[in-house]
Every structure is written in structure tokens, then in C-alpha cells.
>>> print(open('data.cif').read())   # mmCIF, C-alpha atoms
data_protein
loop_
_atom_site.label_atom_id
_atom_site.label_comp_id
_atom_site.auth_asym_id
_atom_site.auth_seq_id
_atom_site.Cartn_x
_atom_site.Cartn_y
_atom_site.Cartn_z
CA MET I 1 0.00 0.00 0.00
CA PRO I 2 1.45 3.40 -0.96
CA ASP I 3 2.57 5.76 1.79
CA ILE I 4 0.65 8.94 0.95
CA VAL I 5 1.24 12.06 3.01
CA PHE I 6 -1.45 12.66 5.71
CA ASP I 7 -3.23 9.46 4.63
CA GLY I 8 -3.88 8.41 8.22
CA ALA I 9 -5.42 11.77 9.09
CA ALA I 10 -7.38 12.23 5.87
CA ARG I 11 -10.84 11.60 7.36
CA LEU I 12 -10.16 13.99 10.24
CA LEU I 13 -8.86 16.58 7.78
CA VAL I 14 -11.98 16.30 5.60
CA LEU I 15 -14.18 16.53 8.71
CA LEU I 16 -12.37 19.74 9.73
CA HIS I 17 -12.59 20.92 6.10
CA ALA I 18 -16.39 20.47 6.27
CA ALA I 19 -16.69 22.07 9.72
CA THR I 20 -14.82 25.21 8.65
CA ALA I 21 -16.81 25.26 5.40
CA ILE I 22 -19.99 25.58 7.50
CA VAL I 23 -18.54 28.72 9.10
CA LEU I 24 -17.41 29.95 5.69
CA VAL I 25 -20.74 29.53 3.91
CA GLY I 26 -22.56 31.27 6.78
CA ALA I 27 -20.13 34.19 6.85
CA ALA I 28 -20.02 34.53 3.05
CA THR I 29 -23.83 34.60 2.87
CA HIS I 30 -24.11 37.19 5.64
CA HIS I 31 -21.39 39.25 3.98
CA ALA I 32 -23.35 39.12 0.71
CA VAL I 33 -26.47 40.39 2.51
CA VAL I 34 -24.43 43.23 4.05
CA ALA I 35 -22.97 44.09 0.62
CA VAL I 36 -26.47 44.28 -0.89
CA GLY I 37 -27.28 46.70 1.93
CA TYR I 38 -24.33 48.85 0.77
CA LEU I 39 -25.89 48.96 -2.73
CA ARG I 40 -29.33 49.82 -1.39
CA GLY I 41 -28.00 52.67 0.73
CA THR I 42 -28.40 50.94 4.09
CA PRO I 43 -24.75 50.21 4.92
CA ARG I 44 -23.51 48.49 8.06
CA PRO I 45 -19.75 48.90 7.60
CA ARG I 46 -18.74 47.47 10.98
CA LEU I 47 -20.62 44.26 10.20
CA GLY I 48 -19.07 44.25 6.72
CA ARG I 49 -15.59 44.44 8.20
CA ILE I 50 -16.31 41.63 10.68
CA TYR I 51 -17.69 39.31 7.99
CA ALA I 52 -14.79 40.12 5.67
CA VAL I 53 -12.36 38.94 8.36
CA VAL I 54 -14.40 35.82 9.18
CA VAL I 55 -14.68 34.92 5.48
CA ALA I 56 -10.94 35.44 4.92
CA VAL I 57 -9.90 33.34 7.93
CA SER I 58 -12.43 30.54 7.34
CA TYR I 59 -11.62 30.51 3.59
CA ALA I 60 -7.89 30.13 4.33
CA VAL I 61 -8.45 27.41 6.95
CA THR I 62 -10.97 25.50 4.81
CA PHE I 63 -8.69 25.72 1.80
CA GLY I 64 -5.71 24.62 3.91
CA PHE I 65 -7.45 21.51 5.23
CA GLY I 66 -8.51 20.67 1.69
CA LEU I 67 -4.93 20.99 0.43
CA LEU I 68 -3.69 18.62 3.14
CA ALA I 69 -6.34 15.97 2.41
CA TYR I 70 -5.97 16.29 -1.36
CA PRO I 71 -3.19 13.70 -1.99
CA THR I 72 -5.21 10.95 -0.26
CA PHE I 73 -8.35 11.95 -2.15
CA ARG I 74 -6.45 12.09 -5.43
CA TYR I 75 -5.37 8.47 -5.21
CA HIS I 76 -7.73 6.49 -2.96
CA THR I 77 -10.95 8.28 -3.85
CA ARG I 78 -10.46 9.71 -7.30
CA ALA I 79 -7.93 7.52 -9.11
CA LEU I 80 -9.16 4.18 -7.74
CA TYR I 81 -12.89 4.81 -7.57
CA LEU I 82 -14.41 8.03 -8.94
CA ASP I 83 -12.47 8.00 -12.23
CA ARG I 84 -13.70 4.44 -12.84
CA TYR I 85 -17.29 4.48 -11.57
CA GLU I 86 -18.36 8.12 -11.11
CA PRO I 87 -16.33 10.29 -13.50
CA TRP I 88 -18.78 13.17 -13.16
CA ALA I 89 -17.78 13.44 -9.47
CA SER I 90 -14.08 13.55 -10.42
CA ASN I 91 -14.79 16.36 -12.84
CA LEU I 92 -16.99 18.19 -10.34
CA PHE I 93 -14.22 17.97 -7.75
CA ASP I 94 -11.68 19.50 -10.12
CA MET I 95 -14.12 22.31 -10.94
CA LYS I 96 -14.63 22.92 -7.22
CA GLU I 97 -10.94 23.09 -6.37
CA ASN I 98 -10.12 25.39 -9.31
CA PHE I 99 -13.05 27.69 -8.53
CA ALA I 100 -11.96 27.82 -4.87
CA ALA I 101 -8.45 28.87 -5.91
CA LEU I 102 -9.87 31.60 -8.14
CA GLY I 103 -11.82 32.92 -5.17
CA ILE I 104 -8.64 33.63 -3.17
CA PRO I 105 -7.81 37.04 -4.73
CA LEU I 106 -11.47 38.08 -4.43
CA VAL I 107 -11.48 37.22 -0.73
CA ILE I 108 -8.26 39.17 -0.16
CA ALA I 109 -9.63 42.11 -2.17
CA THR I 110 -12.84 42.27 -0.11
CA LEU I 111 -10.85 41.99 3.12
CA VAL I 112 -8.54 44.86 2.11
CA LEU I 113 -11.37 47.05 0.75
CA SER I 114 -13.55 46.43 3.81
CA ARG I 115 -10.82 48.03 5.97
CA VAL I 116 -10.65 51.26 3.93
CA LEU I 117 -14.12 51.59 2.41
CA ASP I 118 -16.61 54.11 3.73
CA PRO I 119 -19.84 53.09 1.95
CA LYS I 120 -21.47 56.51 2.39
CA ARG I 121 -18.56 58.49 0.91
CA ASP I 122 -16.98 56.00 -1.51
CA ARG I 123 -20.03 55.35 -3.67
CA LEU I 124 -17.82 54.49 -6.66
CA LEU I 125 -16.17 51.61 -4.83
CA VAL I 126 -19.38 50.17 -3.38
CA GLY I 127 -20.40 48.46 -6.63
CA PRO I 128 -17.06 46.69 -7.19
CA TYR I 129 -16.91 45.73 -3.49
CA ALA I 130 -20.41 44.22 -3.65
CA ALA I 131 -19.54 42.43 -6.91
CA PHE I 132 -16.47 40.80 -5.31
CA VAL I 133 -18.45 39.79 -2.22
CA LEU I 134 -21.35 38.31 -4.22
CA PHE I 135 -18.95 36.50 -6.56
CA THR I 136 -17.14 35.00 -3.56
CA ALA I 137 -20.43 33.89 -2.02
CA ALA I 138 -21.43 32.21 -5.30
CA ILE I 139 -18.12 30.32 -5.43
CA VAL I 140 -18.47 29.25 -1.80
CA TRP I 141 -22.04 27.99 -2.30
CA PHE I 142 -21.04 26.10 -5.45
CA ASP I 143 -18.10 24.51 -3.64
CA VAL I 144 -20.11 23.53 -0.56
CA ILE I 145 -22.87 21.88 -2.62
CA SER I 146 -20.28 20.18 -4.86
CA GLY I 147 -18.34 18.98 -1.83
CA LEU I 148 -21.48 17.45 -0.32
CA LEU I 149 -22.38 15.71 -3.59
CA ILE I 150 -18.86 14.31 -4.02
CA THR I 151 -18.62 13.14 -0.43
CA MET I 152 -22.05 11.48 -0.71
CA THR I 153 -20.72 9.61 -3.74
CA ARG I 154 -17.40 8.61 -2.19
CA GLY I 155 -15.42 9.99 0.73
CA VAL I 156 -11.72 9.56 1.57
CA MET Y 1 -3.99 58.81 -6.15
CA SER Y 2 -5.19 58.15 -2.59
CA ARG Y 3 -4.01 55.10 -0.63
CA LYS Y 4 -7.55 53.72 -0.86
CA ASP Y 5 -7.64 54.02 -4.66
CA ALA Y 6 -4.12 52.56 -4.95
CA LEU Y 7 -5.18 49.53 -2.89
CA TYR Y 8 -8.25 49.12 -5.07
CA VAL Y 9 -6.19 49.24 -8.29
CA ALA Y 10 -3.68 46.76 -6.84
CA MET Y 11 -6.41 44.32 -5.77
CA CYS Y 12 -8.12 44.41 -9.18
CA LEU Y 13 -4.88 43.95 -11.12
CA GLY Y 14 -3.76 41.24 -8.68
CA THR Y 15 -7.01 39.35 -9.29
CA ILE Y 16 -6.45 39.49 -13.04
CA ALA Y 17 -2.81 38.38 -12.68
CA PHE Y 18 -3.80 35.45 -10.47
CA ALA Y 19 -6.46 34.24 -12.91
CA ILE Y 20 -4.06 34.37 -15.88
CA ALA Y 21 -1.10 32.75 -14.07
CA PHE Y 22 -3.34 30.04 -12.60
CA VAL Y 23 -4.83 28.93 -15.91
CA TYR Y 24 -1.87 29.59 -18.22
CA PRO Y 25 -0.14 26.18 -17.77
CA GLN Y 26 -3.41 24.46 -18.68
CA PHE Y 27 -3.29 25.39 -22.34
CA THR Y 28 0.42 26.04 -22.95
CA GLU Y 29 3.59 24.01 -22.68
CA GLN Y 30 4.73 25.99 -19.67
CA ALA Y 31 6.39 23.85 -16.97
CA VAL Y 32 4.87 23.88 -13.50
CA ALA Y 33 5.53 22.09 -10.20
CA TRP Y 34 3.81 18.68 -10.13
CA TYR Y 35 3.35 16.61 -6.97
CA TYR Y 36 3.48 12.82 -7.23
CA PRO Y 37 1.50 11.60 -4.19
CA LEU Y 38 2.47 7.91 -4.52
CA GLU Y 39 6.17 8.68 -4.73
CA ARG Y 40 5.98 11.74 -2.42
CA ARG Y 41 8.12 13.82 -4.71
CA TRP Y 42 7.95 17.06 -6.68
CA ALA Y 43 8.94 17.61 -10.30
CA TYR Y 44 9.09 20.77 -12.34
CA GLU Y 45 7.92 19.71 -15.78
CA THR Y 46 5.48 20.36 -18.60
CA ARG Y 47 3.59 17.06 -18.46
CA ALA Y 48 3.23 14.49 -15.72
CA THR Y 49 4.62 10.99 -16.19
CA GLY Y 50 2.25 9.18 -13.83
CA LEU Y 51 -0.30 9.96 -11.15
CA ALA Y 52 0.48 13.58 -10.35
CA MET Y 53 -1.20 16.83 -9.32
CA ASP Y 54 -0.43 20.22 -10.80
CA PHE Y 55 -2.88 22.09 -8.58
CA TYR Y 56 -0.29 23.06 -5.95
CA GLY Y 57 2.10 24.29 -8.63
CA ARG Y 58 -0.51 26.35 -10.44
CA LEU Y 59 -1.75 27.76 -7.14
CA ALA Y 60 1.78 28.80 -6.15
CA GLN Y 61 2.31 30.35 -9.56
CA GLY Y 62 -0.94 32.30 -9.24
CA LEU Y 63 -0.05 33.55 -5.77
CA VAL Y 64 3.42 34.66 -6.87
CA ALA Y 65 1.91 36.50 -9.85
CA TRP Y 66 -0.69 38.06 -7.55
CA ALA Y 67 1.93 39.24 -5.03
CA ALA Y 68 4.27 40.64 -7.69
CA THR Y 69 1.41 42.46 -9.43
CA VAL Y 70 0.00 43.90 -6.20
CA ILE Y 71 3.41 45.21 -5.10
CA ALA Y 72 4.19 46.70 -8.53
CA ALA Y 73 0.71 48.23 -8.85
CA LEU Y 74 0.91 49.78 -5.39
CA LEU Y 75 4.32 51.29 -6.10
CA VAL Y 76 3.13 52.80 -9.38
CA ALA Y 77 -0.36 53.87 -8.24
CA LEU Y 78 0.91 55.69 -5.15
CA ARG Y 79 3.15 57.86 -7.37
CA ILE Y 80 0.27 58.93 -9.64
CA LYS Y 81 -0.99 62.36 -8.64
CA ARG Y 82 -4.41 62.23 -10.34
CA PRO Y 83 -7.37 60.64 -8.54
CA LEU Y 84 -8.83 57.43 -9.98
CA SER Y 85 -11.53 58.30 -12.51
CA GLU Y 86 -15.04 56.89 -12.37
CA ARG Y 87 -14.48 55.14 -15.70
CA ALA Y 88 -11.22 53.51 -14.54
CA THR Y 89 -12.85 52.37 -11.29
CA SER Y 90 -15.66 50.61 -13.16
CA LEU Y 91 -13.37 49.15 -15.82
CA LEU Y 92 -10.93 47.68 -13.30
CA ALA Y 93 -13.69 45.87 -11.44
CA ALA Y 94 -15.26 44.71 -14.70
CA TRP Y 95 -11.93 43.32 -15.93
CA ALA Y 96 -11.22 41.58 -12.61
CA VAL Y 97 -14.65 39.92 -12.53
CA THR Y 98 -14.58 39.09 -16.25
CA PHE Y 99 -11.12 37.48 -16.18
CA THR Y 100 -12.07 35.37 -13.16
CA LEU Y 101 -15.37 34.41 -14.78
CA LEU Y 102 -13.68 33.50 -18.07
CA VAL Y 103 -11.20 31.22 -16.30
CA ILE Y 104 -14.06 29.63 -14.34
CA LEU Y 105 -15.93 29.01 -17.59
CA TYR Y 106 -12.76 27.58 -19.16
CA PHE Y 107 -12.45 25.02 -16.34
CA ALA Y 108 -16.18 24.28 -16.30
CA TRP Y 109 -16.29 23.69 -20.06
CA ASN Y 110 -13.19 21.49 -20.19
CA LEU Y 111 -13.93 19.48 -17.06
CA TYR Y 112 -17.56 18.88 -17.95
CA PHE Y 113 -16.49 17.00 -21.06
CA ARG Y 114 -13.41 15.28 -19.57
CA HIS Y 115 -13.15 11.49 -19.53
CA PRO Y 116 -10.73 10.70 -16.67
CA THR Y 117 -8.47 7.65 -16.92
CA PRO Y 118 -8.70 5.51 -13.78
CA SER Y 119 -5.57 4.05 -12.19
CA PRO Y 120 -5.19 0.26 -12.34
CA ILE Y 121 -6.59 -1.52 -9.27
CA PRO Y 122 -3.62 -2.69 -7.14
CA ASP Y 123 -3.46 -6.16 -5.52
CA TRP Y 124 -3.72 -4.80 -1.98
CA TYR Y 125 -6.83 -2.74 -2.74
CA ARG Y 126 -9.83 -3.22 -0.48
CA PRO Y 127 -12.65 -0.65 -0.88
CA ARG Y 128 -13.01 1.41 2.30
#
>>> encode(input="data.cif", output="C-alpha cells")
Amino acid sequence: MPDIVFDGAARLLVLLHAATAIVLVGAATHHAVVAVGYLRGTPRPRLGRIYAVVVAVSYAVTFGFGLLAYPTFRYHTRALYLDRYEPWASNLFDMKENFAALGIPLVIATLVLSRVLDPKRDRLLVGPYAAFVLFTAAIVWFDVISGLLITMTRGV
Amino acid sequence: MSRKDALYVAMCLGTIAFAIAFVYPQFTEQAVAWYYPLERRWAYETRATGLAMDFYGRLAQGLVAWAATVIAALLVALRIKRPLSERATSLLAAWAVTFTLLVILYFAWNLYFRHPTPSPIPDWYRPR
């Protein structure tokens, strides 16, 4: 049997990955609601800053746990099972991981902008800020639903 | 340009740089770091020669491109005396979102139609 890095801890890592993803999807959704409030002229900047930090931290931690569990998933779950019996789940996983990576600069951008943005004065920046937040929330929701579907099909 | 505007410009350009650097090795012959999980080794090459993952390599490449672009953009933007125009503000956000969306669509399109090749079942294998 091959000696894959973090193989013994893979189930714990995926469990932690899922637990932090729960925090992430909640924070990203709340942040999206706050950003819509910015657009509608009912800003709550303190809440926006808090959710930007929670999203950034939970995104980094969730992503990190996923990176650590990935080698085990790549061989035991994907190469030996999903690629053979459920190729759609293999493809969905690769979409999910690539989309998650593409969300990283958006998360950093919203974190940075949330620290300097005054939604009442900086009306020009409110639209881009809201776009980044909503885009991030869409990626997070896609990834959470994909992750659930893949794990229901075959876990590590 | 104010510090706030400079940060905004840097974040938008960094997002674009990340998206390009992350996807570029997918459709060119550019070498990237591959991780071979069964052999626990790294290789810097154009194509893998076994079960390997290029995700870590592409991610690192994207992050390096992001960091370099953000630093360069901040240095330049902070020296510009004029404030950021309304048109430039909108265009930067539109480009950042569009580039990210295009790369997402590229992955979605290619992966939707992919037919993965499974690894051979080894003798020791017991489904878990």
C-alpha cells in the first residue's frame, strides 16, 4: 500500500474541512447580505468588516485543510474509484478546487477594501466591493454543494 | 492617487494576474511544479509521467503573480498624482470579474467533457 502524506489523518482533515466550510458559507452569505445593503444605501460597515475577516480566515483554513487531504483523495478516492465508476464526481471535484483557488484574490480584495471603504462616501467603490463579495459567495455555495455531492458519492 | 484608490487598483490587477497565471499552464507548454502523491516527490515539468497533481504548482504560480502584481501596482499607483476616474474604477472591477469568470468558464467547459483515466486496481486494494 502506498505511503501517501497525511493518509492516516485524511478523514479527520476532511471533517475539519467540512466544519470550517460551514462557518465559511454562513459568513459569506451574511457578507453578501451586508454588501447588498451597501448597494441599497443601508450600509452596516462594521458588520461588513467583521464578515470580511471571518470569510478570509475561514476561507484560508478550509482551503488549507482541503490541500492537506488532497493527496489521499487524489489516489484512494479519485484515481481508484471516482475516475472508474463516477467520473462526473471527479470532474466536479476539479471544478470545485479550481473555482476555490480563483476565489482567493477576491477574498483578499474584499478583506482589504472592507478596511478602507466608507460606503457613504466612496459610492464608486461600493459596486465593485459588492460584486467581489457576491462572486465570492457564489463560489463558496457552489463549492459547498459540490463537496457534499462528491462526499455522498465517495469519501476519503 | 489616494491610498484607498491605490489599494483598489492593486487588488483588481492582482485578481487578473492570479487568474491568468493560474490557468496559463493548462493550455500552454509551460512547466509547473507537479506533486506525485504515490512517490511523495515534486517535479518541475510540462507534463506528468504518472499519477500527479499540478494544482499546488498552479496555485503557487498564481499567488506569486498576484503578489508581484499587487506590489508593482501599489508602487506605481501611489506615485500617480491624479485621482482614480469613475471610468477607470468601473473598468478595473469589470476586468477583474470578467477574467475570473472567463477562467471559471474555461475550467467548467473542459472538465464537464473530460473522460478521466482511472488508475489500475492494485493487488492490496480493499474498498473502504
>>> interface_residues(input="data.cif", of="chain I", to="chain Y", cutoff="9 Å", atoms="only C-alpha atoms", output="ChimeraX atom specification")
/I:1-5,67,71-72,74-76,78-85,87-88,90-92,94-95,97-99,101-106,108-110,112-113,116-117,124-125,127-129,131-132,135,156
>>> atom_distance(input="data.cif", atom1="atom CA of Ala31 of chain Y", atom2="atom CA of Glu45 of chain Y")
4.6 Å
>>> closest_residue(input="data.cif", among="I:Gly37, I:Gly48, I:Gly147, I:Gly66", to="Leu12 of chain I", atoms="only C-alpha atoms")
I:Gly66
>>> resolve_selection(input="data.cif", expression="the PyMOL selection byres ((chain I and resi 16-25) around 7)", output="number ranges by chain")
I: 12-15, 26-29, 55, 58-59, 61-62, 65-66, 140-141
>>> atom_distance(input="data.cif", atom1="atom CA of Gly155 of chain I", atom2="atom CA of Phe93 of chain I")
11.7 Å
>>> axis_aligned_box(input="data.cif", around="segment 49-61 of chain Y", padding_each_side="3 Å", output="lines of an AutoDock Vina configuration file")
center_x = 0.9
center_y = 19.8
center_z = -11.1
size_x = 13.5
size_y = 27.2
size_z = 16.2
>>> atom_distance(input="data.cif", atom1="atom CA of Val34 of chain I", atom2="atom CA of Ala138 of chain I")
14.8 Å
